[in-house]
Amino acid sequence: LRGKDSTVYGVPDLNAATLDTRQAEGQQVRSFQIAIARLSKRPELAKALIHKPGPLYDDPSRHDDLADVYRRGLEEVGRLLTGVRAAPS
């Protein structure tokens, strides 16, 4: 999507400066960075993490597929956040 996305974002360029983790944007980015790093070290956690927002009782046979969607989604966000810096300022 780089260069083809017409969406107006609150932070137009995530790479322009280090995002302050005491502000919402920096907190959100840092949270994603931590989750991505954690999952990359322990991919099996995806099967447990899909249950954090709430129970998934309706179709247990889909849990592996849902964990794969979760894992791939974080990988995609990780690619978008490559080079983005977030730290307290």
# chains A, B, ... in the order shown; residues from 1 in each chain; ligands from 1
$ residues_around --residues "A:Gly26" --least-positions-apart "6" --cutoff "10 Å" --atoms "only C-alpha atoms" --output "mmCIF file with N, CA and C atoms, in the first residue's frame"
data_model
loop_
_atom_site.group_PDB
_atom_site.id
_atom_site.type_symbol
_atom_site.label_atom_id
_atom_site.label_comp_id
_atom_site.auth_asym_id
_atom_site.auth_seq_id
_atom_site.Cartn_x
_atom_site.Cartn_y
_atom_site.Cartn_z
ATOM 1 N N LEU A 14 5.232 7.320 10.418
ATOM 2 C CA LEU A 14 5.691 6.671 11.651
ATOM 3 C C LEU A 14 7.205 6.700 11.800
ATOM 4 N N THR A 18 11.101 9.515 16.675
ATOM 5 C CA THR A 18 10.817 8.523 17.707
ATOM 6 C C THR A 18 9.483 8.872 18.353
ATOM 7 N N LEU A 19 8.585 7.898 18.416
ATOM 8 C CA LEU A 19 7.273 8.116 19.019
ATOM 9 C C LEU A 19 7.392 8.033 20.537
ATOM 10 N N ASP A 20 6.793 8.979 21.223
ATOM 11 C CA ASP A 20 6.863 9.062 22.680
ATOM 12 C C ASP A 20 5.927 8.027 23.300
ATOM 13 N N PHE A 32 2.500 -3.075 20.127
ATOM 14 C CA PHE A 32 2.591 -3.979 18.978
ATOM 15 C C PHE A 32 4.000 -4.549 18.858
ATOM 16 N N VAL A 84 10.407 1.693 12.783
ATOM 17 C CA VAL A 84 9.704 2.667 13.628
ATOM 18 C C VAL A 84 10.290 2.599 15.032
ATOM 19 N N ARG A 85 10.534 3.770 15.603
ATOM 20 C CA ARG A 85 11.114 3.847 16.946
ATOM 21 C C ARG A 85 10.073 4.378 17.924
ATOM 22 N N ALA A 86 9.994 3.741 19.094
ATOM 23 C CA ALA A 86 9.093 4.198 20.153
ATOM 24 C C ALA A 86 9.836 4.085 21.477
ATOM 25 N N ALA A 87 9.884 5.183 22.209
ATOM 26 C CA ALA A 87 10.600 5.223 23.490
ATOM 27 C C ALA A 87 10.099 6.431 24.276
ATOM 28 N N PRO A 88 10.292 6.420 25.593
ATOM 29 C CA PRO A 88 9.918 7.617 26.354
ATOM 30 C C PRO A 88 10.819 8.778 25.968
#
$ residues_around --residues "A:Ile34" --least-positions-apart "3" --cutoff "12 Å" --atoms "only C-alpha atoms" --output "compact mmCIF listing (two decimals) with N, CA and C atoms, in the first residue's frame"
# COMPACT_ATOMS: atom_id res chain seq x y z
N GLN A 27 2.59 4.50 22.74
CA GLN A 27 2.17 3.35 23.53
C GLN A 27 1.63 2.24 22.64
N GLN A 28 0.80 2.62 21.68
CA GLN A 28 0.20 1.62 20.80
C GLN A 28 1.25 0.94 19.94
N VAL A 29 2.15 1.72 19.38
CA VAL A 29 3.21 1.15 18.55
C VAL A 29 4.11 0.25 19.39
N ARG A 30 4.50 0.71 20.57
CA ARG A 30 5.38 -0.10 21.42
C ARG A 30 4.69 -1.39 21.84
N SER A 31 3.40 -1.32 22.13
CA SER A 31 2.65 -2.54 22.49
C SER A 31 2.69 -3.55 21.36
N ALA A 37 7.49 -9.21 18.96
CA ALA A 37 8.73 -9.85 19.41
C ALA A 37 8.43 -11.10 20.23
N ARG A 38 7.45 -11.00 21.11
CA ARG A 38 7.08 -12.13 21.96
C ARG A 38 6.61 -13.31 21.11
N LEU A 39 5.75 -13.03 20.14
CA LEU A 39 5.21 -14.10 19.31
C LEU A 39 6.28 -14.68 18.38
N SER A 40 7.22 -13.87 17.94
CA SER A 40 8.28 -14.40 17.07
C SER A 40 9.18 -15.37 17.82
N LYS A 41 9.35 -15.14 19.12
CA LYS A 41 10.16 -16.05 19.94
C LYS A 41 9.40 -17.31 20.33
N LEU A 74 -0.09 -10.15 12.98
CA LEU A 74 1.01 -9.49 13.69
C LEU A 74 2.26 -9.43 12.82
N VAL A 77 1.70 -6.41 10.57
CA VAL A 77 1.92 -5.16 11.31
C VAL A 77 3.41 -4.98 11.56
N GLY A 78 4.11 -6.06 11.87
CA GLY A 78 5.55 -5.99 12.09
C GLY A 78 6.30 -5.45 10.88
N LEU A 81 5.84 -1.78 10.76
CA LEU A 81 6.54 -1.07 11.83
C LEU A 81 8.06 -1.20 11.75
N ALA A 86 9.99 3.74 19.09
CA ALA A 86 9.09 4.20 20.15
C ALA A 86 9.84 4.08 21.48
$ residues_around --residues "A:Leu56" --least-positions-apart "6" --cutoff "12 Å" --atoms "only C-alpha atoms" --output "PDB file with N, CA and C atoms, in the first residue's frame"
ATOM      1  N   LYS A  47      -1.952 -19.724  19.941  1.00  0.00           N
ATOM      2  CA  LYS A  47      -3.118 -20.549  20.272  1.00  0.00           C
ATOM      3  C   LYS A  47      -3.756 -20.129  21.590  1.00  0.00           C
ATOM      4  N   ALA A  48      -2.973 -19.604  22.504  1.00  0.00           N
ATOM      5  CA  ALA A  48      -3.521 -19.120  23.773  1.00  0.00           C
ATOM      6  C   ALA A  48      -3.969 -17.669  23.657  1.00  0.00           C
ATOM      7  N   LEU A  49      -3.216 -16.866  22.933  1.00  0.00           N
ATOM      8  CA  LEU A  49      -3.503 -15.431  22.863  1.00  0.00           C
ATOM      9  C   LEU A  49      -4.804 -15.108  22.138  1.00  0.00           C
ATOM     10  N   ILE A  50      -5.265 -15.989  21.264  1.00  0.00           N
ATOM     11  CA  ILE A  50      -6.531 -15.718  20.575  1.00  0.00           C
ATOM     12  C   ILE A  50      -7.704 -15.718  21.549  1.00  0.00           C
ATOM     13  N   ARG A  62     -11.880 -24.487  14.726  1.00  0.00           N
ATOM     14  CA  ARG A  62     -11.297 -23.359  13.989  1.00  0.00           C
ATOM     15  C   ARG A  62     -10.153 -22.687  14.740  1.00  0.00           C
ATOM     16  N   HIS A  63      -9.846 -23.123  15.934  1.00  0.00           N
ATOM     17  CA  HIS A  63      -8.836 -22.447  16.749  1.00  0.00           C
ATOM     18  C   HIS A  63      -7.472 -22.371  16.064  1.00  0.00           C
ATOM     19  N   ASP A  64      -7.049 -23.429  15.425  1.00  0.00           N
ATOM     20  CA  ASP A  64      -5.754 -23.392  14.732  1.00  0.00           C
ATOM     21  C   ASP A  64      -5.767 -22.359  13.606  1.00  0.00           C
ATOM     22  N   LEU A  66      -7.686 -19.670  13.464  1.00  0.00           N
ATOM     23  CA  LEU A  66      -7.717 -18.346  14.087  1.00  0.00           C
ATOM     24  C   LEU A  66      -6.335 -17.952  14.599  1.00  0.00           C
ATOM     25  N   ALA A  67      -5.614 -18.906  15.164  1.00  0.00           N
ATOM     26  CA  ALA A  67      -4.252 -18.625  15.634  1.00  0.00           C
ATOM     27  C   ALA A  67      -3.354 -18.247  14.456  1.00  0.00           C
TER      28      ALA A  67
END
$ atom_distance --atom1 "atom CA of A:Val11" --atom2 "atom CA of A:Pro53"
26.4 Å
$ select_by_dssp --residues "chain A" --states "alpha helix (DSSP H)" --output "PyMOL selection string"
chain A and resi 24-41+46-49+63-80
$ closest_residue --among "A:Asp5, A:Glu44, A:Ile36, A:Tyr57" --to "A:Gly73" --atoms "only C-alpha atoms"
A:Ile36
$ decode --residues "stretch 29-65 of chain A" --atoms "N, CA and C atoms" --output "PDB file, in the first residue's frame"
ATOM      1  N   VAL A  29       2.154   1.722  19.380  1.00  0.00           N
ATOM      2  CA  VAL A  29       3.214   1.148  18.548  1.00  0.00           C
ATOM      3  C   VAL A  29       4.106   0.248  19.387  1.00  0.00           C
ATOM      4  N   ARG A  30       4.498   0.709  20.566  1.00  0.00           N
ATOM      5  CA  ARG A  30       5.378  -0.096  21.421  1.00  0.00           C
ATOM      6  C   ARG A  30       4.690  -1.392  21.840  1.00  0.00           C
ATOM      7  N   SER A  31       3.396  -1.325  22.130  1.00  0.00           N
ATOM      8  CA  SER A  31       2.654  -2.538  22.489  1.00  0.00           C
ATOM      9  C   SER A  31       2.685  -3.554  21.355  1.00  0.00           C
ATOM     10  N   PHE A  32       2.500  -3.075  20.127  1.00  0.00           N
ATOM     11  CA  PHE A  32       2.591  -3.979  18.978  1.00  0.00           C
ATOM     12  C   PHE A  32       4.000  -4.549  18.858  1.00  0.00           C
ATOM     13  N   GLN A  33       5.009  -3.717  19.021  1.00  0.00           N
ATOM     14  CA  GLN A  33       6.391  -4.194  18.905  1.00  0.00           C
ATOM     15  C   GLN A  33       6.681  -5.295  19.925  1.00  0.00           C
ATOM     16  N   ILE A  34       6.204  -5.117  21.146  1.00  0.00           N
ATOM     17  CA  ILE A  34       6.421  -6.120  22.191  1.00  0.00           C
ATOM     18  C   ILE A  34       5.684  -7.409  21.851  1.00  0.00           C
ATOM     19  N   ALA A  35       4.426  -7.295  21.422  1.00  0.00           N
ATOM     20  CA  ALA A  35       3.644  -8.481  21.068  1.00  0.00           C
ATOM     21  C   ALA A  35       4.273  -9.229  19.898  1.00  0.00           C
ATOM     22  N   ILE A  36       4.760  -8.497  18.917  1.00  0.00           N
ATOM     23  CA  ILE A  36       5.391  -9.106  17.741  1.00  0.00           C
ATOM     24  C   ILE A  36       6.666  -9.838  18.138  1.00  0.00           C
ATOM     25  N   ALA A  37       7.486  -9.212  18.960  1.00  0.00           N
ATOM     26  CA  ALA A  37       8.730  -9.849  19.409  1.00  0.00           C
ATOM     27  C   ALA A  37       8.432 -11.096  20.234  1.00  0.00           C
ATOM     28  N   ARG A  38       7.450 -10.996  21.109  1.00  0.00           N
ATOM     29  CA  ARG A  38       7.084 -12.134  21.959  1.00  0.00           C
ATOM     30  C   ARG A  38       6.612 -13.312  21.110  1.00  0.00           C
ATOM     31  N   LEU A  39       5.747 -13.034  20.141  1.00  0.00           N
ATOM     32  CA  LEU A  39       5.213 -14.104  19.307  1.00  0.00           C
ATOM     33  C   LEU A  39       6.279 -14.684  18.382  1.00  0.00           C
ATOM     34  N   SER A  40       7.224 -13.866  17.942  1.00  0.00           N
ATOM     35  CA  SER A  40       8.277 -14.395  17.069  1.00  0.00           C
ATOM     36  C   SER A  40       9.183 -15.366  17.824  1.00  0.00           C
ATOM     37  N   LYS A  41       9.349 -15.139  19.121  1.00  0.00           N
ATOM     38  CA  LYS A  41      10.162 -16.048  19.939  1.00  0.00           C
ATOM     39  C   LYS A  41       9.401 -17.308  20.331  1.00  0.00           C
ATOM     40  N   ARG A  42       8.077 -17.176  20.468  1.00  0.00           N
ATOM     41  CA  ARG A  42       7.259 -18.314  20.900  1.00  0.00           C
ATOM     42  C   ARG A  42       5.966 -18.369  20.091  1.00  0.00           C
ATOM     43  N   PRO A  43       6.042 -18.796  18.830  1.00  0.00           N
ATOM     44  CA  PRO A  43       4.863 -18.808  17.955  1.00  0.00           C
ATOM     45  C   PRO A  43       3.695 -19.627  18.504  1.00  0.00           C
ATOM     46  N   GLU A  44       3.983 -20.607  19.329  1.00  0.00           N
ATOM     47  CA  GLU A  44       2.917 -21.449  19.880  1.00  0.00           C
ATOM     48  C   GLU A  44       1.972 -20.667  20.793  1.00  0.00           C
ATOM     49  N   LEU A  45       2.406 -19.490  21.263  1.00  0.00           N
ATOM     50  CA  LEU A  45       1.554 -18.663  22.120  1.00  0.00           C
ATOM     51  C   LEU A  45       0.298 -18.182  21.400  1.00  0.00           C
ATOM     52  N   ALA A  46       0.317 -18.129  20.091  1.00  0.00           N
ATOM     53  CA  ALA A  46      -0.844 -17.644  19.334  1.00  0.00           C
ATOM     54  C   ALA A  46      -2.097 -18.430  19.692  1.00  0.00           C
ATOM     55  N   LYS A  47      -1.952 -19.724  19.941  1.00  0.00           N
ATOM     56  CA  LYS A  47      -3.118 -20.549  20.272  1.00  0.00           C
ATOM     57  C   LYS A  47      -3.756 -20.129  21.590  1.00  0.00           C
ATOM     58  N   ALA A  48      -2.973 -19.604  22.504  1.00  0.00           N
ATOM     59  CA  ALA A  48      -3.521 -19.120  23.773  1.00  0.00           C
ATOM     60  C   ALA A  48      -3.969 -17.669  23.657  1.00  0.00           C
ATOM     61  N   LEU A  49      -3.216 -16.866  22.933  1.00  0.00           N
ATOM     62  CA  LEU A  49      -3.503 -15.431  22.863  1.00  0.00           C
ATOM     63  C   LEU A  49      -4.804 -15.108  22.138  1.00  0.00           C
ATOM     64  N   ILE A  50      -5.265 -15.989  21.264  1.00  0.00           N
ATOM     65  CA  ILE A  50      -6.531 -15.718  20.575  1.00  0.00           C
ATOM     66  C   ILE A  50      -7.704 -15.718  21.549  1.00  0.00           C
ATOM     67  N   HIS A  51      -7.527 -16.270  22.738  1.00  0.00           N
ATOM     68  CA  HIS A  51      -8.599 -16.335  23.734  1.00  0.00           C
ATOM     69  C   HIS A  51      -8.622 -15.120  24.655  1.00  0.00           C
ATOM     70  N   LYS A  52      -7.617 -14.261  24.611  1.00  0.00           N
ATOM     71  CA  LYS A  52      -7.546 -13.119  25.530  1.00  0.00           C
ATOM     72  C   LYS A  52      -8.748 -12.179  25.436  1.00  0.00           C
ATOM     73  N   PRO A  53      -9.237 -11.835  24.239  1.00  0.00           N
ATOM     74  CA  PRO A  53     -10.383 -10.926  24.175  1.00  0.00           C
ATOM     75  C   PRO A  53     -11.676 -11.550  24.709  1.00  0.00           C
ATOM     76  N   GLY A  54     -11.723 -12.870  24.743  1.00  0.00           N
ATOM     77  CA  GLY A  54     -12.917 -13.548  25.237  1.00  0.00           C
ATOM     78  C   GLY A  54     -12.936 -14.990  24.772  1.00  0.00           C
ATOM     79  N   PRO A  55     -13.871 -15.758  25.301  1.00  0.00           N
ATOM     80  CA  PRO A  55     -13.926 -17.183  24.965  1.00  0.00           C
ATOM     81  C   PRO A  55     -14.304 -17.424  23.502  1.00  0.00           C
ATOM     82  N   LEU A  56     -13.822 -18.528  22.987  1.00  0.00           N
ATOM     83  CA  LEU A  56     -14.121 -18.946  21.612  1.00  0.00           C
ATOM     84  C   LEU A  56     -14.738 -20.342  21.653  1.00  0.00           C
ATOM     85  N   TYR A  57     -15.895 -20.432  22.258  1.00  0.00           N
ATOM     86  CA  TYR A  57     -16.543 -21.731  22.443  1.00  0.00           C
ATOM     87  C   TYR A  57     -17.292 -22.218  21.213  1.00  0.00           C
ATOM     88  N   ASP A  58     -17.653 -21.319  20.319  1.00  0.00           N
ATOM     89  CA  ASP A  58     -18.577 -21.666  19.243  1.00  0.00           C
ATOM     90  C   ASP A  58     -18.053 -22.715  18.264  1.00  0.00           C
ATOM     91  N   ASP A  59     -16.761 -22.732  17.994  1.00  0.00           N
ATOM     92  CA  ASP A  59     -16.243 -23.681  17.001  1.00  0.00           C
ATOM     93  C   ASP A  59     -14.775 -24.004  17.287  1.00  0.00           C
ATOM     94  N   PRO A  60     -14.518 -24.879  18.251  1.00  0.00           N
ATOM     95  CA  PRO A  60     -13.129 -25.201  18.619  1.00  0.00           C
ATOM     96  C   PRO A  60     -12.283 -25.733  17.459  1.00  0.00           C
ATOM     97  N   SER A  61     -12.921 -26.299  16.446  1.00  0.00           N
ATOM     98  CA  SER A  61     -12.155 -26.842  15.319  1.00  0.00           C
ATOM     99  C   SER A  61     -11.475 -25.730  14.511  1.00  0.00           C
ATOM    100  N   ARG A  62     -11.880 -24.487  14.726  1.00  0.00           N
ATOM    101  CA  ARG A  62     -11.297 -23.359  13.989  1.00  0.00           C
ATOM    102  C   ARG A  62     -10.153 -22.687  14.740  1.00  0.00           C
ATOM    103  N   HIS A  63      -9.846 -23.123  15.934  1.00  0.00           N
ATOM    104  CA  HIS A  63      -8.836 -22.447  16.749  1.00  0.00           C
ATOM    105  C   HIS A  63      -7.472 -22.371  16.064  1.00  0.00           C
ATOM    106  N   ASP A  64      -7.049 -23.429  15.425  1.00  0.00           N
ATOM    107  CA  ASP A  64      -5.754 -23.392  14.732  1.00  0.00           C
ATOM    108  C   ASP A  64      -5.767 -22.359  13.606  1.00  0.00           C
ATOM    109  N   ASP A  65      -6.876 -22.298  12.866  1.00  0.00           N
ATOM    110  CA  ASP A  65      -6.988 -21.304  11.791  1.00  0.00           C
ATOM    111  C   ASP A  65      -6.982 -19.886  12.359  1.00  0.00           C
TER     112      ASP A  65
END
